[in-house]
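Asks: Sharing a structure with you now.
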Amino acid sequence: MTEILIVGGAGYIGSHMGKHLHHKGLKPIVLDNLSLGHEEAVKWGPLYKGELNDEQLLSEIFHKHDIQAVMHFAAFCYVGESVTEPLKYYQNNVAATLGLLSSMHDHGVNKLIFSSSCATYGEPETLPITEEQKQQPINPYGRTKLMMENILDDLDVAHGMKSVCLRYFNAAGADPEGELGEDHSPETHLLPLILRTALGLQGALTVFGNDYPTEDGTCIRDYIHITDLAQAHYLALVHLLDGGDSKKYNLGNGNGYSILDAINTAHRVTGKTINYDFAERRAGDPAVLVGSAEKAIIELGWKPEFNTLETILETAWNWHSRFPRGY
């Protein structure tokens, strides 16, 4: 059975990826320090507890398992936090990832699926964002992702390490079977915060900024369902396992929803009143991020199935209402 190392495989995206690989007949091997992930979400392969740059532990994993490729989800990913704690982001997202890449190189593992971000684009020049747009990140998080993309380009030239960098927009939703969901502590992502408000687990939702140059003054984002995201990663993996070259793809639905759109849609899905208050803008937040995934659709054969905000919220509500306190 083909074995794939998932770094950060106990987290939100990584755990869904593990289940997806299992159902595709591959064996996920998970490495996670459990600082943000959940051991309960790792059900389809072994879990190694440790850091992504632990040379001794990585050597043990590479010797024990016939790892054919690595999927990297172990980055810190909060824009606001990256502005106030940039060292934390550069140390983990860049320096620690270099340790992982060094171990891969030392053990002859030369295929990587890298979780990048639309944050590498910064304020978009045109919408929807295509892969050809200039990357000009406006926050440390986006800069760490762009740095790693550049490093992977260099490793391809120097050592033939092939990678697919997936620049996705806002991952959202939950496993349609209700087995896995989004559980962060503290939670900072919009949709789960909206649903926590609907469940009465917190007070009024804070909406950062109502003076953006958008129709209702709030930020507009493109949401992609977690299962569609996992399928895109799987297709990228197949591309590399089949001998494909390094690639970069956007992953989104091409539809933008404002924060107030999301609140109103959640009200329809849950039947609950969702109270909210406005606050000042957060540093580093672009007004609009909507992406074109045409390249991934054409080249990888990717077909998003959960492509409306209502469907995404329905799956998330199913999980959050069943597990209001998370795992």
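Letters A, B, ... mark the chains of the structure tokens in the order given; residue numbers begin at 1 per chain; ligand numbers begin at 1, in order shown.
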Would you tabulate, counting only C-alpha atoms, all residues of segment 177-208 of chain A that have an atom at most 10 Å from an atom of segment 222-236 of chain A, showing the closest pair of atoms and their distance in Å to one decimal, sorted by chain then ascending number, as JSON lines?
Replies:
```
{"residue": "A:Gly181", "atom": "CA", "partner": "A:Ile226", "partner_atom": "CA", "distance": 9.1}
{"residue": "A:Glu182", "atom": "CA", "partner": "A:Ile226", "partner_atom": "CA", "distance": 9.5}
{"residue": "A:Leu191", "atom": "CA", "partner": "A:Tyr223", "partner_atom": "CA", "distance": 9.6}
```
Asks: Can you spit out the residues from that selection as an mmCIF file, in the first residue's frame, using N, CA and C atoms?
Replies:
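Heads up, here's the output in selection_29.cif:
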```cif
data_model
loop_
_atom_site.group_PDB
_atom_site.id
_atom_site.type_symbol
_atom_site.label_atom_id
_atom_site.label_comp_id
_atom_site.auth_asym_id
_atom_site.auth_seq_id
_atom_site.Cartn_x
_atom_site.Cartn_y
_atom_site.Cartn_z
ATOM 1 N N GLY A 181 -14.505 17.583 11.782
ATOM 2 C CA GLY A 181 -14.936 18.968 11.649
ATOM 3 C C GLY A 181 -13.828 19.925 12.000
ATOM 4 N N GLU A 182 -14.184 21.194 12.119
ATOM 5 C CA GLU A 182 -13.211 22.258 12.389
ATOM 6 C C GLU A 182 -13.257 22.607 13.866
ATOM 7 N N LEU A 191 -16.537 31.219 9.684
ATOM 8 C CA LEU A 191 -17.732 30.370 9.683
ATOM 9 C C LEU A 191 -17.927 29.619 10.998
#
```
Asks: Give me the residues within 6 Å of Asn33 of chain A as a ChimeraX atom specification, counting only C-alpha atoms and dropping any in the same chain fewer than 6 places off.
Replies: /A:49-51
Asks: Using only C-alpha atoms, can you tell me which of A:Ile129, A:Cys165, A:Leu190, A:Val288 comes closest to Ile151 of chain A?
Replies: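 Closest to Ile151 of chain A, using only C-alpha atoms: A:Cys165.
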Asks: Mind checking which residues fall within 8 Å of Pro46 of chain A, counting only C-alpha atoms, ignoring those fewer than 6 positions away in the same chain, and posting them as a list in words?
Replies: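 Contacts, with the query itself left out: Pro28, Ile29 and Val30 of chain A.
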Asks: Once you have the residues from the selection above, write them out as a PDB file, in the first residue's frame, restricted to C-alpha atoms.
Replies:
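The resulting file, part.pdb, is reproduced below:
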```
ATOM      1  CA  PRO A  28      -1.651   8.084   5.629  1.00  0.00           C
ATOM      2  CA  ILE A  29       1.266   8.340   8.068  1.00  0.00           C
ATOM      3  CA  VAL A  30       0.701  11.332  10.348  1.00  0.00           C
TER       4      VAL A  30
END
```
Asks: Would you please work out which residue, of A:Val7, A:Leu34, A:Cys219, A:Val290, is nearest to Arg167 of chain A when using only C-alpha atoms?
Replies: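 When distances to Arg167 of chain A are compared using only C-alpha atoms, the smallest one comes from A:Val290.
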Asks: Rank nothing, just name the residue among A:Ile6, A:Asn110, A:Gly209, A:Tyr257 nearest to Phe278 of chain A, using only C-alpha atoms.
Replies: A:Gly209
Asks: With only C-alpha atoms as the counted atoms, please give the residues lying no more than 10 Å from Ser185 of chain A, apart from itself and same-chain residues fewer than 6 positions off, as a ChimeraX atom specification.
Replies: /A:35-37,326
Asks: Fewer than 5 positions away in the same chain doesn't count, so skip those; otherwise give me all residues within 9 Å of segment 21-26 of chain A, counting only C-alpha atoms, as a list in words.
Replies: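 Close residues of segment 21-26 of chain A: Met1, Thr2, Glu3, Ile4, His16, Trp44, Gly45, Ala230, Gln231 and Tyr234 of chain A.
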Asks: Just the selected residues (C-alpha atoms), exported as an mmCIF file, in the first residue's frame, please.
Replies:
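Result written to out-v5.cif:
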```cif
data_model
loop_
_atom_site.group_PDB
_atom_site.id
_atom_site.type_symbol
_atom_site.label_atom_id
_atom_site.label_comp_id
_atom_site.auth_asym_id
_atom_site.auth_seq_id
_atom_site.Cartn_x
_atom_site.Cartn_y
_atom_site.Cartn_z
ATOM 1 C CA MET A 1 0.000 0.000 0.000
ATOM 2 C CA THR A 2 1.372 3.417 -0.974
ATOM 3 C CA GLU A 3 2.344 5.370 2.150
ATOM 4 C CA ILE A 4 2.045 9.165 2.298
ATOM 5 C CA HIS A 16 -9.734 15.297 6.345
ATOM 6 C CA TRP A 44 -6.707 5.914 9.328
ATOM 7 C CA GLY A 45 -3.010 5.390 9.996
ATOM 8 C CA ALA A 230 -8.845 17.177 -0.043
ATOM 9 C CA GLN A 231 -9.799 15.889 -3.489
ATOM 10 C CA TYR A 234 -5.245 13.925 -3.931
#
```
Asks: Please return as number ranges by chain: the residues of segment 10-114 of chain A that backbone DSSP assigns to helix (DSSP H, G or I).
Replies: A: 12-23, 39-41, 55-64, 79-84, 86-106
Asks: Mind writing the picked residues with N, CA and C atoms as a compact mmCIF listing (two decimals), in the first residue's frame?
Replies:
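Generated output (again02.txt):
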```
# COMPACT_ATOMS: atom_id res chain seq x y z
N TYR A 12 -7.20 20.40 11.13
CA TYR A 12 -8.46 20.48 10.39
C TYR A 12 -8.32 19.92 8.97
N ILE A 13 -7.42 20.49 8.19
CA ILE A 13 -7.28 20.04 6.80
C ILE A 13 -6.57 18.69 6.74
N GLY A 14 -5.52 18.53 7.54
CA GLY A 14 -4.76 17.29 7.51
C GLY A 14 -5.56 16.06 7.87
N SER A 15 -6.47 16.18 8.83
CA SER A 15 -7.27 15.01 9.22
C SER A 15 -8.26 14.62 8.12
N HIS A 16 -8.85 15.60 7.48
CA HIS A 16 -9.73 15.30 6.35
C HIS A 16 -8.94 14.66 5.21
N MET A 17 -7.69 15.12 5.04
CA MET A 17 -6.83 14.53 4.02
C MET A 17 -6.54 13.07 4.33
N GLY A 18 -6.29 12.76 5.60
CA GLY A 18 -6.03 11.38 5.99
C GLY A 18 -7.19 10.47 5.66
N LYS A 19 -8.39 10.91 5.96
CA LYS A 19 -9.56 10.10 5.64
C LYS A 19 -9.70 9.94 4.13
N HIS A 20 -9.46 11.00 3.39
CA HIS A 20 -9.60 10.97 1.94
C HIS A 20 -8.60 9.99 1.32
N LEU A 21 -7.36 10.04 1.77
CA LEU A 21 -6.35 9.12 1.24
C LEU A 21 -6.72 7.67 1.55
N HIS A 22 -7.20 7.45 2.75
CA HIS A 22 -7.61 6.09 3.14
C HIS A 22 -8.67 5.55 2.19
N HIS A 23 -9.66 6.38 1.88
CA HIS A 23 -10.74 5.93 0.99
C HIS A 23 -10.25 5.78 -0.45
N GLU A 39 -5.75 14.31 18.48
CA GLU A 39 -5.43 12.89 18.30
C GLU A 39 -6.67 12.11 17.87
N GLU A 40 -7.85 12.54 18.32
CA GLU A 40 -9.10 11.85 17.97
C GLU A 40 -9.41 11.91 16.48
N ALA A 41 -8.79 12.85 15.77
CA ALA A 41 -9.06 13.03 14.34
C ALA A 41 -8.14 12.17 13.47
N GLU A 55 14.77 15.91 13.27
CA GLU A 55 15.57 15.09 12.35
C GLU A 55 15.56 13.62 12.73
N GLN A 56 15.68 13.33 14.02
CA GLN A 56 15.72 11.93 14.47
C GLN A 56 14.38 11.23 14.23
N LEU A 57 13.29 11.92 14.55
CA LEU A 57 11.97 11.33 14.36
C LEU A 57 11.66 11.14 12.88
N LEU A 58 12.00 12.13 12.07
CA LEU A 58 11.77 12.00 10.63
C LEU A 58 12.58 10.85 10.05
N SER A 59 13.81 10.70 10.51
CA SER A 59 14.63 9.58 10.04
C SER A 59 13.99 8.25 10.39
N GLU A 60 13.44 8.17 11.60
CA GLU A 60 12.74 6.95 12.02
C GLU A 60 11.54 6.66 11.11
N ILE A 61 10.78 7.71 10.80
CA ILE A 61 9.60 7.53 9.95
C ILE A 61 10.01 7.09 8.55
N PHE A 62 11.01 7.75 7.99
CA PHE A 62 11.43 7.43 6.62
C PHE A 62 12.06 6.04 6.52
N HIS A 63 12.67 5.56 7.60
CA HIS A 63 13.23 4.22 7.59
C HIS A 63 12.17 3.15 7.81
N LYS A 64 11.17 3.47 8.63
CA LYS A 64 10.14 2.48 8.96
C LYS A 64 9.09 2.35 7.87
N VAL A 79 -3.68 35.32 9.83
CA VAL A 79 -3.14 36.57 9.31
C VAL A 79 -2.88 37.57 10.43
N GLY A 80 -3.89 37.80 11.27
CA GLY A 80 -3.75 38.79 12.33
C GLY A 80 -2.61 38.46 13.28
N GLU A 81 -2.51 37.20 13.67
CA GLU A 81 -1.45 36.78 14.58
C GLU A 81 -0.08 36.94 13.93
N SER A 82 -0.01 36.69 12.62
CA SER A 82 1.27 36.82 11.94
C SER A 82 1.78 38.26 11.97
N VAL A 83 0.87 39.22 12.01
CA VAL A 83 1.26 40.64 12.07
C VAL A 83 1.82 40.98 13.44
N THR A 84 1.24 40.42 14.49
CA THR A 84 1.69 40.73 15.85
C THR A 84 2.81 39.82 16.34
N PRO A 86 5.36 37.97 14.16
CA PRO A 86 5.99 37.50 12.92
C PRO A 86 7.07 36.45 13.14
N LEU A 87 7.85 36.55 14.22
CA LEU A 87 8.91 35.57 14.46
C LEU A 87 8.36 34.16 14.56
N LYS A 88 7.22 34.03 15.22
CA LYS A 88 6.57 32.71 15.36
C LYS A 88 6.30 32.12 13.99
N TYR A 89 5.88 32.95 13.05
CA TYR A 89 5.52 32.48 11.72
C TYR A 89 6.75 32.16 10.87
N TYR A 90 7.78 33.00 10.94
CA TYR A 90 8.98 32.71 10.17
C TYR A 90 9.72 31.49 10.73
N GLN A 91 9.68 31.31 12.04
CA GLN A 91 10.37 30.16 12.63
C GLN A 91 9.69 28.85 12.26
N ASN A 92 8.37 28.82 12.30
CA ASN A 92 7.66 27.57 12.00
C ASN A 92 7.46 27.37 10.51
N ASN A 93 6.89 28.38 9.85
CA ASN A 93 6.49 28.20 8.45
C ASN A 93 7.66 28.14 7.48
N VAL A 94 8.78 28.74 7.87
CA VAL A 94 9.95 28.72 6.98
C VAL A 94 11.07 27.87 7.58
N ALA A 95 11.59 28.29 8.74
CA ALA A 95 12.77 27.60 9.30
C ALA A 95 12.49 26.13 9.59
N ALA A 96 11.39 25.83 10.26
CA ALA A 96 11.09 24.43 10.59
C ALA A 96 10.79 23.62 9.34
N THR A 97 10.15 24.24 8.36
CA THR A 97 9.86 23.54 7.11
C THR A 97 11.15 23.19 6.37
N LEU A 98 12.18 24.04 6.49
CA LEU A 98 13.47 23.72 5.89
C LEU A 98 14.06 22.44 6.49
N GLY A 99 13.81 22.23 7.78
CA GLY A 99 14.25 20.99 8.40
C GLY A 99 13.56 19.78 7.80
N LEU A 100 12.27 19.90 7.55
CA LEU A 100 11.53 18.82 6.89
C LEU A 100 12.09 18.56 5.50
N LEU A 101 12.31 19.60 4.73
CA LEU A 101 12.81 19.44 3.37
C LEU A 101 14.21 18.83 3.36
N SER A 102 15.03 19.20 4.33
CA SER A 102 16.37 18.60 4.41
C SER A 102 16.29 17.11 4.67
N SER A 103 15.39 16.70 5.57
CA SER A 103 15.23 15.28 5.86
C SER A 103 14.68 14.53 4.65
N MET A 104 13.74 15.14 3.94
CA MET A 104 13.23 14.52 2.72
C MET A 104 14.36 14.29 1.73
N HIS A 105 15.18 15.32 1.53
CA HIS A 105 16.30 15.21 0.59
C HIS A 105 17.27 14.12 1.02
N ASP A 106 17.58 14.06 2.32
CA ASP A 106 18.53 13.07 2.83
C ASP A 106 18.04 11.65 2.64
```
